[in-house]
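**Student:** Pasting in a structure now, in structure tokens, and then I'll have a few things to ask.
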Amino acid sequence: MNNEDIRVGVFVCDCGSNIAGVVNVPEVVEYARGLKGVEFADEGRWSCSVDALATMQESIKEHKINRVVVAACTPRTHEPLFKANIKEAGVNPYLLEFVSIREQVSWVHMSEPETATQKAKDLVKMGIAKAMLLEEGEEIRLPVKTDCMIIGGGMAGMTAASNVADQGFNAYIIEKEQRLGGLLNGISTISHDHDEILAADIVKAKTDSVESHPNIKVFTSTEIEAVEGYIGNYKVTLKANGKSENLDISTVIVATGMQEIEPEQGQFQYGSDPRVVTQLQLEKKLKAQDVGDIKDVVIINCVNSKNATRGCCAIGCPVSVKNALTIKKIKKDINVHILYRDLSMVKDEQIHLQAAKAAGIKFVRFPDDRYPEVIKNNGNLMVNVYDFLLGRELEIPSDLLVLTVGFKGSDTVEQVKGHLKVSSNPDGFFQEAHIKLGPLDFASDGISLCGCAKNPKSLKETCEEGIGAAMRASIPMKNG
Ligand SMILES: Cc1cc2nc3c(=O)[nH]c(=O)nc-3n(C[C@H](O)[C@H](O)[C@H](O)COP(=O)(O)OP(=O)(O)OC[C@H]3O[C@@H](n4cnc5c(N)ncnc54)[C@H](O)[C@@H]3O)c2cc1C
Ligand code: SF4
Ligand code: SF4
């Protein structure tokens, strides 16, 4: 088609007052009408409504439009709808250009209507220029095989693999460590309803079922060297003990987990005194049922989280309560204090909080801007904390000081990101495609995400996400 034949139709949406409340839509429409190549331009109150879509089809036919520009919300949610609509009107769906004047204009420039209108005009002009260069496209169909690679053999990865495999697909778990289980290998117990379950029992049951599943192949002490291709046709090179192995897979699930953020040297005496440990380091002692000959334990929550740079660590409060209770179970007469800012516990976890209070564990709330101080007095660790509720300073001795630290993604995030061309966030976790519309997806088709690789969460949520990610990966494999 040469330039003379191009007839662009421009449809500018009001989105009620979402766009029209800021952008002068009639002015944008008038401006579009004057641009080269534009045959027709119109304003739509709700362009995605059934009536407006039908009117758009009529306008396309009446004005013999062969390129369509829709200036509205975001292509992420609405482009498929408009593509299908212009297809029904007889225009190839690849001849649509979508311009975002809601997310990129009216929502972000609410207090500057004139500048917003100018920006909308500029974006529409660019959209028209691009639309004039568009060429017809055709969807090609490639076979999608039934093999899925899961990166990370923690509970998220193993749960995802089980669900993929139970549907009859092949699952390959790639685990960089010598054994499966991830964080749970270093954890003592997991609270469950009124009970505590040994983390080792959970790992053993899951590992046994994964390793004996006929559709699952486990690669331990293995890392990914290279990934090439796209959904339905990934070629992966694995590296294990200096040897390489190749996999042909269709979909990928990322389940690389998380790690504690180590406190700075000297922060609350960490690193300079062996009695100061993180929750994960404490778990090791609890696993061995040996906390040593101690009388006073102090736990400080919200260490390096819930501050200007990092959000709530999500699991710190329930973990601190669980571990405080375990200490009491090991030795009833140990005094345990939990120093907290907020107790962030969901309804199901309240039962453990009540149990902790009943067991004599003391809770001291400190102000957001006044963290406890840890000093050494004649070799003894003393914690000075301002009790927000009592309104006075307390001095608490401590033979064991436990820091409930925040979390970051695995050290391998950057490497995996490079292989798969996916995104991460400033906290070092992987970034999902959309918090509501694609919580377990990446922007690249065929790659899904689950567990603590996305953000810190409880084991229950981790496993639920593992099932969810398996479902996302299975859809293209099921459709073939
Ligand atoms: C101290 C502590 C106590 C906790 N206590 C509780 C509790 O009581 N109750 C509860 O519900 N939850 C608890 N949790 C949370 C629970 O442990 C997690 O929800 C769960 O273990 C996360 O599993 P995951 O598979 O997402 O991640 P992980 O367990 O971190 O597993 C990720 C796996 O991926 C592997 N990996 C990473 N990168 C690569 C790569 N590039 N290639 C191959 N393999 C890779 C890692 O080696 C690891 O094995 C606790 C967490 C901590 C830290
Ligand atoms: S097409 Fe988008 S911008 Fe227009 S009404 Fe629908 S949601 Fe709003
Ligand atoms: S310790 Fe509790 S309140 Fe503090 S950041 Fe972690 S979950 Fe949030």
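Ligands are numbered from 1 in the order shown, chains are lettered A, B, ... in the order of the structure tokens, and residues start at 1 in each chain.
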Could you pull out the residues sitting within 10 Å of ligand 2, using only C-alpha atoms and all ligand atoms, and write them as a PyMOL selection string?
**Tutor:** chain A and resi 11-20+44-49+52-53+70-75+77-79+81-82+100-103
**Student:** How would the residues just chosen look if you wrote them out with C-alpha atoms as a PDB file, in the first residue's frame?
**Tutor:**
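Saved the output as out.pdb:
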ATOM      1  CA  PHE A  11     -10.499   7.646  18.280  1.00  0.00           C
ATOM      2  CA  VAL A  12      -9.825   9.685  21.410  1.00  0.00           C
ATOM      3  CA  CYS A  13     -11.459   8.402  24.578  1.00  0.00           C
ATOM      4  CA  ASP A  14     -12.758  10.510  27.515  1.00  0.00           C
ATOM      5  CA  CYS A  15     -12.871   7.544  29.908  1.00  0.00           C
ATOM      6  CA  GLY A  16     -15.691   9.446  31.617  1.00  0.00           C
ATOM      7  CA  SER A  17     -13.790  12.155  33.455  1.00  0.00           C
ATOM      8  CA  ASN A  18     -10.646  10.027  33.847  1.00  0.00           C
ATOM      9  CA  ILE A  19      -9.136  11.561  30.727  1.00  0.00           C
ATOM     10  CA  ALA A  20     -11.595  14.346  29.871  1.00  0.00           C
ATOM     11  CA  GLY A  44     -15.645   8.654  22.610  1.00  0.00           C
ATOM     12  CA  ARG A  45     -17.105   8.892  26.093  1.00  0.00           C
ATOM     13  CA  TRP A  46     -16.408   5.256  26.983  1.00  0.00           C
ATOM     14  CA  SER A  47     -14.653   3.846  23.906  1.00  0.00           C
ATOM     15  CA  CYS A  48     -14.513   0.283  25.216  1.00  0.00           C
ATOM     16  CA  SER A  49     -18.276   0.071  25.768  1.00  0.00           C
ATOM     17  CA  ALA A  52     -18.838   2.698  21.248  1.00  0.00           C
ATOM     18  CA  LEU A  53     -17.113  -0.334  19.728  1.00  0.00           C
ATOM     19  CA  VAL A  70      -6.895   4.655  19.667  1.00  0.00           C
ATOM     20  CA  ALA A  71      -5.895   7.230  22.295  1.00  0.00           C
ATOM     21  CA  ALA A  72      -7.191   5.892  25.585  1.00  0.00           C
ATOM     22  CA  CYS A  73      -5.942   3.956  28.627  1.00  0.00           C
ATOM     23  CA  THR A  74      -3.195   1.348  28.396  1.00  0.00           C
ATOM     24  CA  PRO A  75      -2.521  -1.206  25.654  1.00  0.00           C
ATOM     25  CA  THR A  77      -5.361  -4.106  29.246  1.00  0.00           C
ATOM     26  CA  HIS A  78      -7.301  -2.798  26.247  1.00  0.00           C
ATOM     27  CA  GLU A  79      -5.266  -3.320  23.073  1.00  0.00           C
ATOM     28  CA  LEU A  81     -10.165  -5.583  22.637  1.00  0.00           C
ATOM     29  CA  PHE A  82      -9.576  -2.865  20.034  1.00  0.00           C
ATOM     30  CA  SER A 100      -1.887   5.868  26.302  1.00  0.00           C
ATOM     31  CA  ILE A 101      -3.283   9.262  27.272  1.00  0.00           C
ATOM     32  CA  ARG A 102      -4.749   8.121  30.594  1.00  0.00           C
ATOM     33  CA  GLU A 103      -1.845   6.388  32.400  1.00  0.00           C
TER      34      GLU A 103
END
**Student:** Name the residues of segment 75-221 of chain A that come out as strand (DSSP E) in a backbone DSSP run; write them as a compact mmCIF listing (two decimals) with C-alpha atoms, in the first residue's frame.
**Tutor:**
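Written output follows (selection_8.txt):
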# COMPACT_ATOMS: atom_id res chain seq x y z
CA LEU A 96 -3.81 -0.48 15.14
CA GLU A 97 -1.66 1.95 17.12
CA PHE A 98 -2.57 2.42 20.78
CA VAL A 99 -1.68 5.68 22.52
CA SER A 100 -1.89 5.87 26.30
CA ASP A 147 8.43 -29.42 28.95
CA CYS A 148 8.80 -26.87 31.73
CA MET A 149 11.98 -25.76 33.47
CA ILE A 150 11.73 -24.64 37.09
CA ILE A 151 14.65 -22.55 38.37
CA ASN A 170 7.64 -32.89 31.98
CA ALA A 171 9.20 -30.76 34.72
CA TYR A 172 12.93 -30.09 35.15
CA ILE A 173 13.99 -28.63 38.47
CA ILE A 174 17.31 -26.78 38.40
CA THR A 189 9.70 -25.61 62.66
CA ILE A 190 6.79 -24.15 60.73
CA SER A 191 3.73 -23.01 62.63
CA HIS A 192 0.59 -24.64 61.36
CA ASP A 195 0.68 -26.91 65.92
CA GLU A 196 4.31 -26.80 64.87
CA ILE A 197 5.61 -29.07 62.13
CA LEU A 198 9.29 -29.88 61.72
CA ILE A 216 10.10 -34.79 37.12
CA LYS A 217 13.84 -34.69 36.60
CA VAL A 218 15.92 -32.98 39.27
CA PHE A 219 19.28 -31.34 38.55
**Student:** Determine the nearest neighbour of Glu177 of chain A from the options A:Asp208, A:Glu223, A:Glu62, A:Glu465, counting only C-alpha atoms.
**Tutor:**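 Looking only at the distances to Glu177 of chain A, the closest residue turns out to be A:Glu223.
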**Student:** Hey, what's within 8 Å of Ala324 of chain A if we count only C-alpha atoms and toss same-chain stuff fewer than 5 positions away? As a short mmCIF file (atom, residue, chain, number, x, y, z; two decimals) with N, CA and C atoms, in the first residue's frame, please?
**Tutor:**
data_model
loop_
_atom_site.label_atom_id
_atom_site.label_comp_id
_atom_site.auth_asym_id
_atom_site.auth_seq_id
_atom_site.Cartn_x
_atom_site.Cartn_y
_atom_site.Cartn_z
N VAL A 336 12.06 -14.02 77.71
CA VAL A 336 12.12 -13.59 76.30
C VAL A 336 11.36 -12.27 76.13
N ILE A 338 10.23 -9.48 73.15
CA ILE A 338 10.19 -9.11 71.72
C ILE A 338 9.98 -7.60 71.66
N ALA A 356 2.00 -16.95 72.95
CA ALA A 356 3.27 -16.35 73.39
C ALA A 356 3.04 -15.54 74.66
N ILE A 361 6.03 -14.51 77.42
CA ILE A 361 6.92 -13.70 76.56
C ILE A 361 6.46 -12.25 76.67
#
**Student:** Quick one, how far is atom CA of Leu459 of chain A from atom CA of Leu437 of chain A?
**Tutor:** 23.1 Å
**Student:** Determine the nearest neighbour of ligand 1 from the options A:Lys206, A:Arg76, A:Lys295, A:Lys478, counting only C-alpha atoms and all ligand atoms.
**Tutor:**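 Going through A:Lys206, A:Arg76, A:Lys295, A:Lys478 one by one, the smallest distance to ligand 1 is for A:Lys206.
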**Student:** Let me make sure I understand: among A:Asn455, A:Thr278, A:Asn233, A:Gln104, which one has the smallest atom-to-atom distance to Val252 of chain A if we use only C-alpha atoms?
**Tutor:**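 Looking only at the distances to Val252 of chain A, the closest residue turns out to be A:Asn233.
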**Student:** Give as a list of chain:residue names the residues surrounding ligand 3 up to a distance of 9 Å, considering only C-alpha atoms and all ligand atoms.
**Tutor:**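 So the residues close to ligand 3 are A:Ile300, A:Asn301, A:Cys302, A:Val303, A:Asn304, A:Ser305, A:Lys306, A:Asn307, A:Arg310, A:Gly311, A:Cys312, A:Cys313, A:Ala314, A:Ile315, A:Gly316, A:Cys317, A:Pro318, A:Val319, A:Ser320, A:Tyr340, A:Arg341, A:Asp342, A:Leu343, A:Ser344, A:Met345, A:Thr404, A:Val405, A:Gly406.
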**Student:** Give the helix (DSSP H, G or I) residues of segment 208-237 of chain A, as DSSP finds them on the backbone, and put them as a ChimeraX atom specification.
**Tutor:** /A:208-211
**Student:** Go ahead and write the selection's residues with C-alpha atoms as a CSV table (one decimal), in the first residue's frame.
**Tutor:**
chain,number,residue,atom,x,y,z
A,208,ASP,CA,10.5,-37.7,48.2
A,209,SER,CA,7.4,-37.1,46.1
A,210,VAL,CA,9.3,-34.9,43.6
A,211,GLU,CA,12.2,-37.2,43.2
**Student:** Please list as a ChimeraX atom specification every residue within 12 Å of Ile435 of chain A, counting only C-alpha atoms and excluding residues in the same chain fewer than 6 positions away.
**Tutor:** /A:441-443,454-455
**Student:** If we count only C-alpha atoms and set the cut-off at 8 Å, which residues sit around Thr159 of chain A, ignoring sequence neighbours fewer than 3 positions away in its own chain? Please answer as a PDB file with N, CA and C atoms, in the first residue's frame.
**Tutor:**
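The file below, result08.pdb, is the result:
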ATOM      1  N   MET A 155      10.570 -24.746  48.241  1.00  0.00           N
ATOM      2  CA  MET A 155       9.190 -25.232  48.303  1.00  0.00           C
ATOM      3  C   MET A 155       8.359 -24.687  47.148  1.00  0.00           C
ATOM      4  N   ALA A 156       8.645 -23.463  46.712  1.00  0.00           N
ATOM      5  CA  ALA A 156       7.885 -22.894  45.588  1.00  0.00           C
ATOM      6  C   ALA A 156       8.158 -23.702  44.324  1.00  0.00           C
ATOM      7  N   SER A 162       5.616 -30.256  40.916  1.00  0.00           N
ATOM      8  CA  SER A 162       4.643 -31.337  41.159  1.00  0.00           C
ATOM      9  C   SER A 162       3.375 -31.099  40.362  1.00  0.00           C
ATOM     10  N   ASN A 163       2.915 -29.836  40.373  1.00  0.00           N
ATOM     11  CA  ASN A 163       1.663 -29.540  39.691  1.00  0.00           C
ATOM     12  C   ASN A 163       1.782 -29.603  38.181  1.00  0.00           C
ATOM     13  N   LYS A 206       8.141 -33.566  50.600  1.00  0.00           N
ATOM     14  CA  LYS A 206       8.046 -32.953  49.259  1.00  0.00           C
ATOM     15  C   LYS A 206       9.155 -33.468  48.347  1.00  0.00           C
ATOM     16  N   CYS A 463       3.582 -21.924  48.635  1.00  0.00           N
ATOM     17  CA  CYS A 463       3.086 -23.121  47.949  1.00  0.00           C
ATOM     18  C   CYS A 463       1.883 -22.778  47.069  1.00  0.00           C
ATOM     19  N   GLY A 466       3.208 -21.410  44.026  1.00  0.00           N
ATOM     20  CA  GLY A 466       3.814 -22.473  43.210  1.00  0.00           C
ATOM     21  C   GLY A 466       2.758 -23.135  42.339  1.00  0.00           C
ATOM     22  N   ILE A 467       1.587 -23.386  42.939  1.00  0.00           N
ATOM     23  CA  ILE A 467       0.485 -23.999  42.165  1.00  0.00           C
ATOM     24  C   ILE A 467       0.031 -23.016  41.079  1.00  0.00           C
TER      25      ILE A 467
END
**Student:** Using only C-alpha atoms and all ligand atoms, which residue out of A:Pro439, A:Pro456, A:Pro476, A:Gly242 lies closest to ligand 1?
**Tutor:** A:Pro456
**Student:** Would you pick out the contacts of Gly37 of chain A at 12 Å or less, using only C-alpha atoms, so that residues sharing its chain but fewer than 6 positions from it are not included, and give the list as a ChimeraX atom specification?
**Tutor:** /A:2-10,65-69,125,127-133
**Student:** Between atom CA of Gly153 of chain A and atom CA of His352 of chain A, what distance in Å does the model show, to one decimal?
**Tutor:** 29.1 Å
**Student:** Atom CA of Val385 of chain A and atom CA of Pro372 of chain A, how far apart in Å?
**Tutor:**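 According to the coordinates, atom CA of Pro372 of chain A and atom CA of Val385 of chain A are separated by 4.5 Å.
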